[in-house]
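**Q** Got a structure for you, written out below as structure tokens; questions coming shortly.
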Amino acid sequence: MAKLKLPPRGEATAEMTRRGFLVSMTAAGAAFGFPRAGLASMDPAAPDGVPASPAGAVYEPSLWYAIDAEGKVNVNIIRAEMGQHVGTAIARILADELDVAWEDVSITHVDSAAKWGLMVTGGSWSVWQSWPVYRQAGAAGRMALIEAAAAKWGVSPSECTTQDSRVISGDRSVSYAELVSEGITRSFTEDELKALPLKPASELRLVGKDVTALDIANKTTGKTVYGIDAKIDGMVYAAPLLPPTRIGSTVVSVDDSAAKSVKGYLQTLTLDDPSGTVPGWVMVIGETFMAAQRAADKVKVTWKAGPTADVDEAQIQDHGRALIADESKGSILDTGNSDTAPVFEAAADQISAEYTTSTVLHFQLEPLNATAFQNEDGVWEIHTGNQWQSLILPSLQAALGVSADEIVMRTYMLGGGFGRRLNGDYAVPVALASKALGGKPVKMVMMRPEDVLFDSPRSSSVQALKMAFDADNTVIGMEHHATAGWPTEVMVPSFMPKGTNGEPYDPFAIAGADHWYAVGAQKVRAISNDLANTTFRPGWLRSVGPGWTNWALESFMDEAAHKLGRDPLDFRLSLLTAEGRNAGSAPNAVGGAKRQAAVLQRAAELAGWGSDLPADTGIGLATSFGQERDMPTWGACAARVKVDRATGQVTVEKLHLVVDAGIIVDPDGALAQTQGAALWGLSMALYEGTEIEAGNVRDRNLDTYTPLRMIDTPDMDVEFIESSEVPVGLGEPATTVVAPAIGNAIYNAVGVRLRHLPITPEAVLAGLKA
């Protein structure tokens with residue numbers, strides 16, 4: 001059998017084994033190379049992912065889509081697809097306003113060109129931010145087509161309507177395809193776009209209805225192309241050797257003598273990274289994936305570890321407690337009146353509690369991977385799945401020493417993101433390895449332990465909460481102090497606003513604490529845990545800050561209610577008064593706290609709040625506004641749990657979730673997003689969590705890190721409030737309400753108050769004994 005030879009970069013393979021030829025012909029092994037940056041886009045419906053060329057004349061009413069001479073509408077998507085059908089959701093917004101037949105719509109996930117603006121898929125922002133943009137774009141196309149038809153017939157545009165890709169006036173009708181073929185050049189200014197009339201919600205026929213997802217066929221048949229499937233002619237493989245600390249490690253020596261016995265081993269590279277992203281990294285290069293992996297096992301590296309090599313979880317949390325105790329630390333959020341000191345001094349009574357959460361890992365299904373090379377035009381191509389192209393591109397430019405127009409990212413489908421791929425740091429070492437090899441294509445697929453060691457975990461957190469009451473047991477003041485590692489401070493400090501004391505804060509590490517309850521004077525203090533920041537690379541993980549702030553807040557609201565002898569539901573409802581800063585505002589928070597009260601009351605009704613339950617069984621409530629106050633997704637959870645007093649085992653029997661997210665654009669996607677988010681919240685409540693040991697995470701694989709299993713999945717009931725308000729986020733909000741609902745349910749079942757996540761059987765038993 002002929003030996004497979006690696007050709008020089010840019011040349012075709014001259015000789016190939018029969019098996020190699022067959023593998024290269026499969027869809028998953030299709031070779032991609034883009035000599036022009038503008039072609040680095042992805043059509044998830046195409047078997048090879050490469051978009052088809054438009055037919056004939058093309059009309060582009062805006063940057064966001066084009067209509068060709070066959071009437072086909074291709075919608076440009078800047079959001080990453082990781083299972084949530086985001087392209088389908090956004091395309092239907094445009095198609096509805098454009099009045100185009102759904103079967104004529106396709107989508108393209110675009111390249112990383114600067115013209116697309118900020119490219120980020122996170123924060124549950126995608127549909128919310130796309131709603132006004134794509135509606136305006138669709139309205140512009142519809143107006144241009146109407147004007148073209150009206151001119152053709154010599155009638156007023158006001159006499160024309162549209163339906164299913166046609167313009168109609170009386171008994172006359174013309175297709176969009178015909179109009180585009182005849183030529184349309186109409187363009188719109190920003191002011192004209194804003195002035196265009198949009199359809200009322202009652203006339204939307206695709207939004208809120210079931211349609212076939214545009215990328216479902218390939219996902220079902222296994223033809224979807226993920227980053228791990230990328231293949232470039234002549235590429236070699238890299239296996240990374242990671243240093244003992246994420247930050248500050250340096251390579252002292254490398255011995256690859258034993259690796260030279262591995263067939264297919266090429267060389268070992270010590271990376272020099274001007275961007276500072278991967279200090280101390282070593283990459284072992286092989287002709288095949290297995291050759292690189294086997295050689296990596298034989299390469300011996302001596303490192304000088306960074307200064308945090310002895311740091312552990314307890315030190316990080318103790319440091320957080322010390323930071324909270326120092327009132328000069330942190331940033332004070334604008335809550336209207338944060339002068340709580342005199343209120344607490346005058347209070348007739350008060351309550352306080354501390355809540356903590358463990359470090360949490362992503363463990364996305366598709367391990368981190370990237371492929372990089374310099375194409376024949378001198379452009380660096382980065383092939384990988386990524387959630388935030390705009391964030392990692394500057395780091396890649398710094399690492400390679402090139403300008404923005406010399407690098408392009410082709411974003412593939414993501415086999416799970418959950419926030420890990422917001423930080424695209426895993427592409428940097430691959431690009432550096434390719435540069436060291438003269439621009440040759442290099443592919444890295446991390447094994448699971450390396451993937452975990454290089455994770456950007458959700459930081460552990462410490463929070464201290466206080467509430468003050470007057471002589472009538474009325475709430476008159478509240479404080480919420482939270483400290484954790486801040487991903488935004490580490491990776492994109494320009495996204496950090498300043499508090500009322502002039503100190504910047506990470507909004508994604510404190511959102512949720514600035515709640516919609518009326519509590520009188522309210523202080524919310526966000527504090528960066530600098531020890532966490534310098535030990536590992538804190539990352540965004542599904543729901544980010546609200547995953548810990550709402551755990552503390554909603555557990556504390558229950559504790560306050562019980563202290564006062566109040567029903568926890570009635571207590572919350574009495575504080576959701578929708579007055580002052582909590583009254584809400586247009587366009588995103590119309591109704592304010594009244595809408596939060598409505599979802600909470602409905603969840604309690606569905607769960608049978610107040611009804612008699614079997615022994616050691618309890619129902620717990622929690623509510624939230626989701627993520628940020630300027631984009632609230634009102635949600636509530638009622639969790640029914642059973643506690644085994646002998647083992648401490650907690651069984652979640654049922655979750656009732658009620659969500660008000662405005663107009664539900666994609667009903668099936670909304671349900672899947674809410675279910676998935678809730679199950680992630682359940683997983684972090686009872687099962688997930690690791691610790692920092694010796695400067696790194698303790699758990700390296702799924703044998704010791706044990707997320708929720710299918711057998712532990714409870715019955716779920718999800719209900720969406722019918723609404724005509726602006727659609728807001730759904731990817732993350734349900735994550736935030738499940739843990740506190742479970743904690744509150746455990747208390748109602750057996751009288752044990754737990755204040756740390758994850759809730760373990762050992763903690764329950766300790767609470768029972770206490």
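The chains in the structure tokens are called A, B, ... from first to last as shown; in each chain the residues are counted from 1, and the ligands are counted from 1 in the order shown.
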Identify all residues of region 123-257 of chain A in strand (DSSP E or B) (DSSP on the backbone) and supply them as a PyMOL selection string.
**A** chain A and resi 161-163+166-169+172-175+226+231+236-241+250-255
**Q** What's the 12 Å shell around Ser257 (chain A), counting only C-alpha atoms, without same-chain residues fewer than 2 positions away, as a PDB file with C-alpha atoms, in the first residue's frame?
**A**
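Once written, part-v2.pdb looks like this:
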ATOM      1  CA  VAL A 254      12.290  19.998  26.583  1.00  0.00           C
ATOM      2  CA  ASP A 255      13.494  16.439  25.977  1.00  0.00           C
ATOM      3  CA  ALA A 259       9.298  10.685  21.140  1.00  0.00           C
ATOM      4  CA  LYS A 260      11.526  10.111  18.132  1.00  0.00           C
ATOM      5  CA  SER A 261      10.689   6.407  18.294  1.00  0.00           C
ATOM      6  CA  VAL A 262       7.034   7.152  17.493  1.00  0.00           C
ATOM      7  CA  TYR A 265       6.395  12.169  15.043  1.00  0.00           C
ATOM      8  CA  LEU A 266       7.740  15.368  13.485  1.00  0.00           C
ATOM      9  CA  GLN A 267       8.946  17.805  16.144  1.00  0.00           C
ATOM     10  CA  THR A 268       8.187  19.615  19.396  1.00  0.00           C
ATOM     11  CA  ALA A 295       4.683  11.280  20.972  1.00  0.00           C
ATOM     12  CA  ALA A 296       3.331  13.789  23.510  1.00  0.00           C
ATOM     13  CA  ASP A 297       3.246  11.031  26.119  1.00  0.00           C
ATOM     14  CA  LYS A 298       6.994  10.577  25.643  1.00  0.00           C
ATOM     15  CA  VAL A 299       8.095  14.230  25.584  1.00  0.00           C
ATOM     16  CA  LYS A 300       9.503  15.421  28.903  1.00  0.00           C
ATOM     17  CA  VAL A 301       9.130  19.097  29.760  1.00  0.00           C
TER      18      VAL A 301
END
**Q** Please provide the set of residues having any atom within 9 Å of region 508-514 of chain A, restricted to only C-alpha atoms, with same-chain residues fewer than 6 positions apart removed, written as JSON, numbers by chain.
**A** {"A": [123, 333, 334, 335, 480, 481, 482, 483, 484, 485, 486, 487, 488, 522, 523, 524, 525, 526, 527, 528, 540, 543, 544, 545, 546, 547, 548, 549, 550, 552, 553, 624, 625, 626, 627, 628, 629, 736]}
**Q** Which region 686-768 of chain A residues have any atom within 6 Å of an atom of region 349-360 of chain A, and for each, what is the nearest pair of atoms with distance in Å to one decimal, counting only C-alpha atoms, rows sorted by chain and number, as JSON lines?
**A**
{"residue": "A:Gly689", "atom": "CA", "partner": "A:Val360", "partner_atom": "CA", "distance": 4.9}
{"residue": "A:Thr690", "atom": "CA", "partner": "A:Thr359", "partner_atom": "CA", "distance": 5.3}
{"residue": "A:Glu691", "atom": "CA", "partner": "A:Thr359", "partner_atom": "CA", "distance": 5.7}
{"residue": "A:Arg755", "atom": "CA", "partner": "A:Tyr355", "partner_atom": "CA", "distance": 4.9}
{"residue": "A:His756", "atom": "CA", "partner": "A:Thr356", "partner_atom": "CA", "distance": 4.8}
{"residue": "A:Leu757", "atom": "CA", "partner": "A:Thr357", "partner_atom": "CA", "distance": 4.6}
**Q** Fewer than 3 positions away in the same chain doesn't count, so skip those; otherwise give me all residues within 12 Å of region 582-594 of chain A, counting only C-alpha atoms, as a PyMOL selection string.
**A** chain A and resi 128-129+131-132+335-336+514-520+572-579+597-601+623-626+628-635+660-663+723-729
**Q** Go ahead and compute the interatomic distance for CA of Gln163 (chain A) and CA of Glu81 (chain A), in Å to one decimal.
**A**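 Going from CA of Gln163 (chain A) over to CA of Glu81 (chain A), I get 29.4 Å.
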**Q** From the list A:Thr340, A:Thr735, A:Thr220, A:Ser187, which residue is nearest Leu541 (chain A) when using only C-alpha atoms?
**A**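 Smallest distance to Leu541 (chain A) is found for A:Thr735.
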**Q** At a cut-off of 8 Å, using only C-alpha atoms, what residues contact Glu653 (chain A)? Leave out same-chain residues fewer than 4 positions from it and give the result as a list of chain:residue names.
**A** A:Ala639, A:Arg640, A:Val641, A:Lys642, A:Pro714, A:Asp715
**Q** Residues near Ala770 (chain A), anyone? I mean within 12 Å using only C-alpha atoms, not counting same-chain ones fewer than 6 positions away, as a list in words.
**A**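 These residues fall inside the cut-off: Val750, Gly751, Val752, Arg753, Leu754, Ala763 and Val764 of chain A.
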**Q** Emit the selected residues as a tab-separated table (two decimals), in the first residue's frame, including all heavy atoms.
**A**
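Okay, result02.tsv is ready:
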chain	number	residue	atom	x	y	z
A	750	VAL	N	-37.43	19.12	55.25
A	750	VAL	CA	-36.80	18.55	56.45
A	750	VAL	C	-36.21	19.59	57.38
A	750	VAL	O	-35.56	19.24	58.37
A	750	VAL	CB	-35.70	17.53	56.06
A	750	VAL	CG1	-36.31	16.33	55.36
A	750	VAL	CG2	-34.63	18.18	55.17
A	751	GLY	N	-36.39	20.89	57.09
A	751	GLY	CA	-35.93	21.93	58.01
A	751	GLY	C	-34.44	22.20	57.99
A	751	GLY	O	-33.91	22.82	58.92
A	752	VAL	N	-33.75	21.76	56.93
A	752	VAL	CA	-32.31	21.99	56.82
A	752	VAL	C	-32.05	23.13	55.83
A	752	VAL	O	-32.48	23.06	54.68
A	752	VAL	CB	-31.58	20.71	56.35
A	752	VAL	CG1	-30.11	21.02	56.07
A	752	VAL	CG2	-31.72	19.61	57.39
A	753	ARG	N	-31.35	24.16	56.29
A	753	ARG	CA	-31.01	25.29	55.42
A	753	ARG	C	-29.57	25.12	54.93
A	753	ARG	O	-28.64	25.12	55.73
A	753	ARG	CB	-31.15	26.61	56.18
A	753	ARG	CG	-30.71	27.84	55.39
A	753	ARG	CD	-31.52	28.05	54.12
A	753	ARG	NE	-32.93	28.31	54.38
A	753	ARG	CZ	-33.85	28.42	53.44
A	753	ARG	NH1	-33.51	28.27	52.16
A	753	ARG	NH2	-35.12	28.65	53.76
A	754	LEU	N	-29.41	24.96	53.63
A	754	LEU	CA	-28.10	24.77	53.02
A	754	LEU	C	-27.71	26.02	52.25
A	754	LEU	O	-28.53	26.60	51.54
A	754	LEU	CB	-28.13	23.54	52.10
A	754	LEU	CG	-28.43	22.24	52.87
A	754	LEU	CD1	-28.81	21.12	51.91
A	754	LEU	CD2	-27.25	21.84	53.72
A	763	ALA	N	-23.76	17.06	52.99
A	763	ALA	CA	-24.19	18.33	53.58
A	763	ALA	C	-25.59	18.21	54.16
A	763	ALA	O	-25.89	18.78	55.22
A	763	ALA	CB	-24.14	19.43	52.52
A	764	VAL	N	-26.47	17.48	53.47
A	764	VAL	CA	-27.83	17.28	53.99
A	764	VAL	C	-27.78	16.50	55.30
A	764	VAL	O	-28.45	16.86	56.28
A	764	VAL	CB	-28.70	16.54	52.94
A	764	VAL	CG1	-30.06	16.20	53.53
A	764	VAL	CG2	-28.86	17.39	51.69
